[in-house]
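**Q** Before anything else, here's the structure in question.
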Amino acid sequence: MDDAEAQDVNVFAAMTVAVNDAFQARLSRLGVSASQAACLATLRAFPGDSIDQIAGVTGLTGSGTTRLVAQLVQDGLVVKSPGADARSVAVSLTERGEAAADAVLRARHECFGDLFQGLDVSERRVLGRLSRRLLATFEPTEDWADRTCRFCDYATCPQQSCPVACASGTS
């Protein structure tokens with residue numbers, strides 16, 4: 001790797017850290033952790049997910065996810081109901097939870113939308129194409145797809161056309 005390429009890699013890494021920090025700050029202003037936000041955003045798209053499914057999305061252990069869901073129940077954002085089998089629990093958003101999930105998705109859109117404002121339309125399209133190509137370089141497992149898309153707005157990127165879902169075979 002020559003010096004120019006090393007600097008490009010370094011600048012890209014700094015940009016990804018800066019965007020992540022900006023998004024985390026927006027979540028903090030909403031009063032939710034990244035795990036809470038991922039759970040809310042996922043349940044917006046997939047109501048009735050199980051504790052195990054939420055654990056896969058958040059990256060938490062089963063017990064950590066149980067505590068996360070318990071806190072969201074206490075906050076009035078989710079409700080639990082019997083799951084698909086006797087051992088599982090289905091988790092769904094309440095009306096307050098839907099509003100909180102919408103706020104998370106709005107914060108994500110605004111954060112990344114702000115980044116796009118410095119680009120013209122053709123540059124935005126190039127960045128989109130490059131992002132799809134870069135996503136295709138990861139090991140495309142279902143767990144990776146679930147974690148990668150934990151803050152996605154599934155209404156704007158349906159499973160059948162999502163580059164992450166298509167790469168992992170989950171579409």
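We label chains A, B, ... in the order they appear in the structure tokens, count residues from 1 in each chain, and number ligands from 1 in the order shown.
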Would you list the contacts of stretch 21-25 of chain A as number ranges by chain, taking every protein, DNA or RNA residue within 8 Å and counting only C-alpha atoms, but skipping same-chain residues closer than 6 positions in sequence?
**A** A: 34, 107-108, 111
**Q** Could the residues in this selection be written to a file with N, CA and C atoms, as a JSON list (two decimals), in the first residue's frame?
**A**
```json
[["chain", "number", "residue", "atom", "x", "y", "z"],
["A", 34, "ALA", "N", -27.61, 2.41, 22.19],
["A", 34, "ALA", "CA", -27.55, 1.80, 20.86],
["A", 34, "ALA", "C", -28.31, 0.48, 20.83],
["A", 107, "ALA", "N", -33.67, 9.92, 13.40],
["A", 107, "ALA", "CA", -32.32, 10.36, 13.80],
["A", 107, "ALA", "C", -31.26, 9.76, 12.87],
["A", 108, "ARG", "N", -31.42, 8.49, 12.54],
["A", 108, "ARG", "CA", -30.47, 7.85, 11.62],
["A", 108, "ARG", "C", -30.52, 8.52, 10.26],
["A", 111, "CYS", "N", -28.94, 12.01, 10.48],
["A", 111, "CYS", "CA", -27.48, 11.94, 10.66],
["A", 111, "CYS", "C", -26.79, 11.64, 9.34]]
```
**Q** Excluding A:Gly48 and residues on its chain fewer than 4 positions from it, collect all residues at most 6 Å away from it, counting only C-alpha atoms, and give them as a PyMOL selection string.
**A** chain A and resi 90-92
**Q** Looking only at the backbone, which of the residues in stretch 10-171 of chain A does DSSP tag as helix (DSSP H, G or I), as a count of residues only?
**A** 107
**Q** Write out as a list in words the set of residues from chain A that DSSP, computed on the backbone, places in strand (DSSP E).
**A**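 The residues of chain A classed as strand (DSSP E) are Asp49, Ser50, Val78, Val79, Lys80, Ser81, Pro82, Val89, Ala90, Val91, Ser92 and Leu93 of chain A.
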**Q** Dump N, CA and C atoms for the selected residues as a CSV table (one decimal), in the first residue's frame?
**A**
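Dumped everything to part_38.csv:
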```
chain,number,residue,atom,x,y,z
A,49,ASP,N,-40.7,-10.4,17.1
A,49,ASP,CA,-39.5,-11.1,17.2
A,49,ASP,C,-39.3,-11.6,18.6
A,50,SER,N,-38.5,-12.7,18.7
A,50,SER,CA,-38.2,-13.4,19.9
A,50,SER,C,-37.0,-12.7,20.6
A,78,VAL,N,-42.4,-1.6,24.9
A,78,VAL,CA,-42.6,-2.9,24.3
A,78,VAL,C,-43.5,-3.7,25.2
A,79,VAL,N,-44.2,-4.7,24.7
A,79,VAL,CA,-44.9,-5.7,25.4
A,79,VAL,C,-44.4,-7.1,25.0
A,80,LYS,N,-44.6,-8.0,26.0
A,80,LYS,CA,-44.2,-9.4,25.7
A,80,LYS,C,-45.5,-10.2,25.6
A,81,SER,N,-45.4,-11.2,24.8
A,81,SER,CA,-46.5,-12.1,24.7
A,81,SER,C,-46.0,-13.5,24.4
A,82,PRO,N,-46.8,-14.6,24.5
A,82,PRO,CA,-46.3,-15.9,24.2
A,82,PRO,C,-45.7,-16.0,22.8
A,89,VAL,N,-40.6,-16.0,23.8
A,89,VAL,CA,-41.4,-14.9,24.1
A,89,VAL,C,-41.4,-14.0,22.9
A,90,ALA,N,-42.5,-13.5,22.5
A,90,ALA,CA,-42.6,-12.5,21.3
A,90,ALA,C,-42.6,-11.1,21.9
A,91,VAL,N,-41.9,-10.2,21.3
A,91,VAL,CA,-41.8,-8.8,21.8
A,91,VAL,C,-42.3,-7.9,20.7
A,92,SER,N,-43.2,-7.0,21.0
A,92,SER,CA,-43.8,-6.1,20.1
A,92,SER,C,-43.8,-4.7,20.7
A,93,LEU,N,-43.8,-3.7,19.8
A,93,LEU,CA,-43.8,-2.3,20.3
A,93,LEU,C,-45.2,-1.9,20.7
```
**Q** As an exercise, work out the distance from atom CA of A:Asn10 to atom CA of A:Ser131 in Å and give it to one decimal place.
**A**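 Spanning atom CA of A:Asn10 to atom CA of A:Ser131 is a straight-line distance of 16.8 Å.
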**Q** Which residues come within 12 Å of A:Gly31, counting only C-alpha atoms, excluding same-chain residues fewer than 3 positions away, as an NGL selection string?
**A** :A and (24-28 or 34-37 or 75 or 100 or 103-104 or 107)
**Q** Provide the atom CA of A:Gln159 to atom CA of A:Arg133 distance in Å, to one decimal place.
**A**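 Between atom CA of A:Gln159 and atom CA of A:Arg133 the gap works out to 17.2 Å.
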**Q** How many Å separate atom CA of A:Val32 from atom CA of A:Leu60?
**A**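 So the answer is 15.6 Å.
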**Q** Find the residues near A:Gln53: any atom within 10 Å, counting only C-alpha atoms, skip ones fewer than 5 places away on the same chain, and give them as a ChimeraX atom specification.
**A** /A:39,42,46,48,58-59,62,65,90-91,143,146
**Q** Write the selection just made, keeping C-alpha atoms, as a CSV table (one decimal), in the first residue's frame?
**A**
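This went into again-v5.csv:
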```
chain,number,residue,atom,x,y,z
A,39,CYS,CA,-34.2,-3.3,19.3
A,42,THR,CA,-35.9,-3.9,14.4
A,46,PHE,CA,-40.4,-7.2,12.6
A,48,GLY,CA,-43.2,-10.2,17.5
A,58,THR,CA,-28.2,-6.3,19.2
A,59,GLY,CA,-25.2,-8.6,19.8
A,62,GLY,CA,-29.5,-13.9,26.0
A,65,THR,CA,-31.3,-9.1,25.9
A,90,ALA,CA,-42.6,-12.5,21.3
A,91,VAL,CA,-41.8,-8.8,21.8
A,143,ASP,CA,-26.1,-13.0,11.8
A,146,ASP,CA,-29.0,-8.8,11.1
```
**Q** Might you pull out every residue within 7 Å of A:Phe151, with only C-alpha atoms counted and same-chain residues fewer than 3 positions away left off, and present them as a PDB file with N, CA and C atoms, in the first residue's frame?
**A**
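Result went into result.pdb, see below:
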```pdb
ATOM      1  N   ALA A  38     -31.500  -0.252  18.504  1.00  0.00           N
ATOM      2  CA  ALA A  38     -31.504  -1.372  17.554  1.00  0.00           C
ATOM      3  C   ALA A  38     -32.730  -2.249  17.769  1.00  0.00           C
ATOM      4  N   ALA A  41     -35.872  -0.248  16.491  1.00  0.00           N
ATOM      5  CA  ALA A  41     -35.907  -0.158  15.027  1.00  0.00           C
ATOM      6  C   ALA A  41     -36.234  -1.512  14.407  1.00  0.00           C
ATOM      7  N   LEU A 105     -35.312   5.985  13.806  1.00  0.00           N
ATOM      8  CA  LEU A 105     -35.132   5.941  12.349  1.00  0.00           C
ATOM      9  C   LEU A 105     -34.963   7.343  11.770  1.00  0.00           C
TER      10      LEU A 105
END
```
**Q** Calculated over only C-alpha atoms, which of the candidates A:Leu127, A:Pro47, A:Asp8, A:Tyr154 has the smallest distance to A:Gly83?
**A**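 Among the listed residues, the smallest separation from A:Gly83 belongs to A:Pro47.
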**Q** From the options A:Asp102, A:Asp114, A:Asp120, A:Glu95, which residue's atoms come nearest to A:Ala45, counting only C-alpha atoms?
**A** A:Asp102
**Q** Pick from A:Pro140, A:His109, A:Val19, A:Gln117: nearest to A:Asp153, with only C-alpha atoms counted?
**A** A:His109
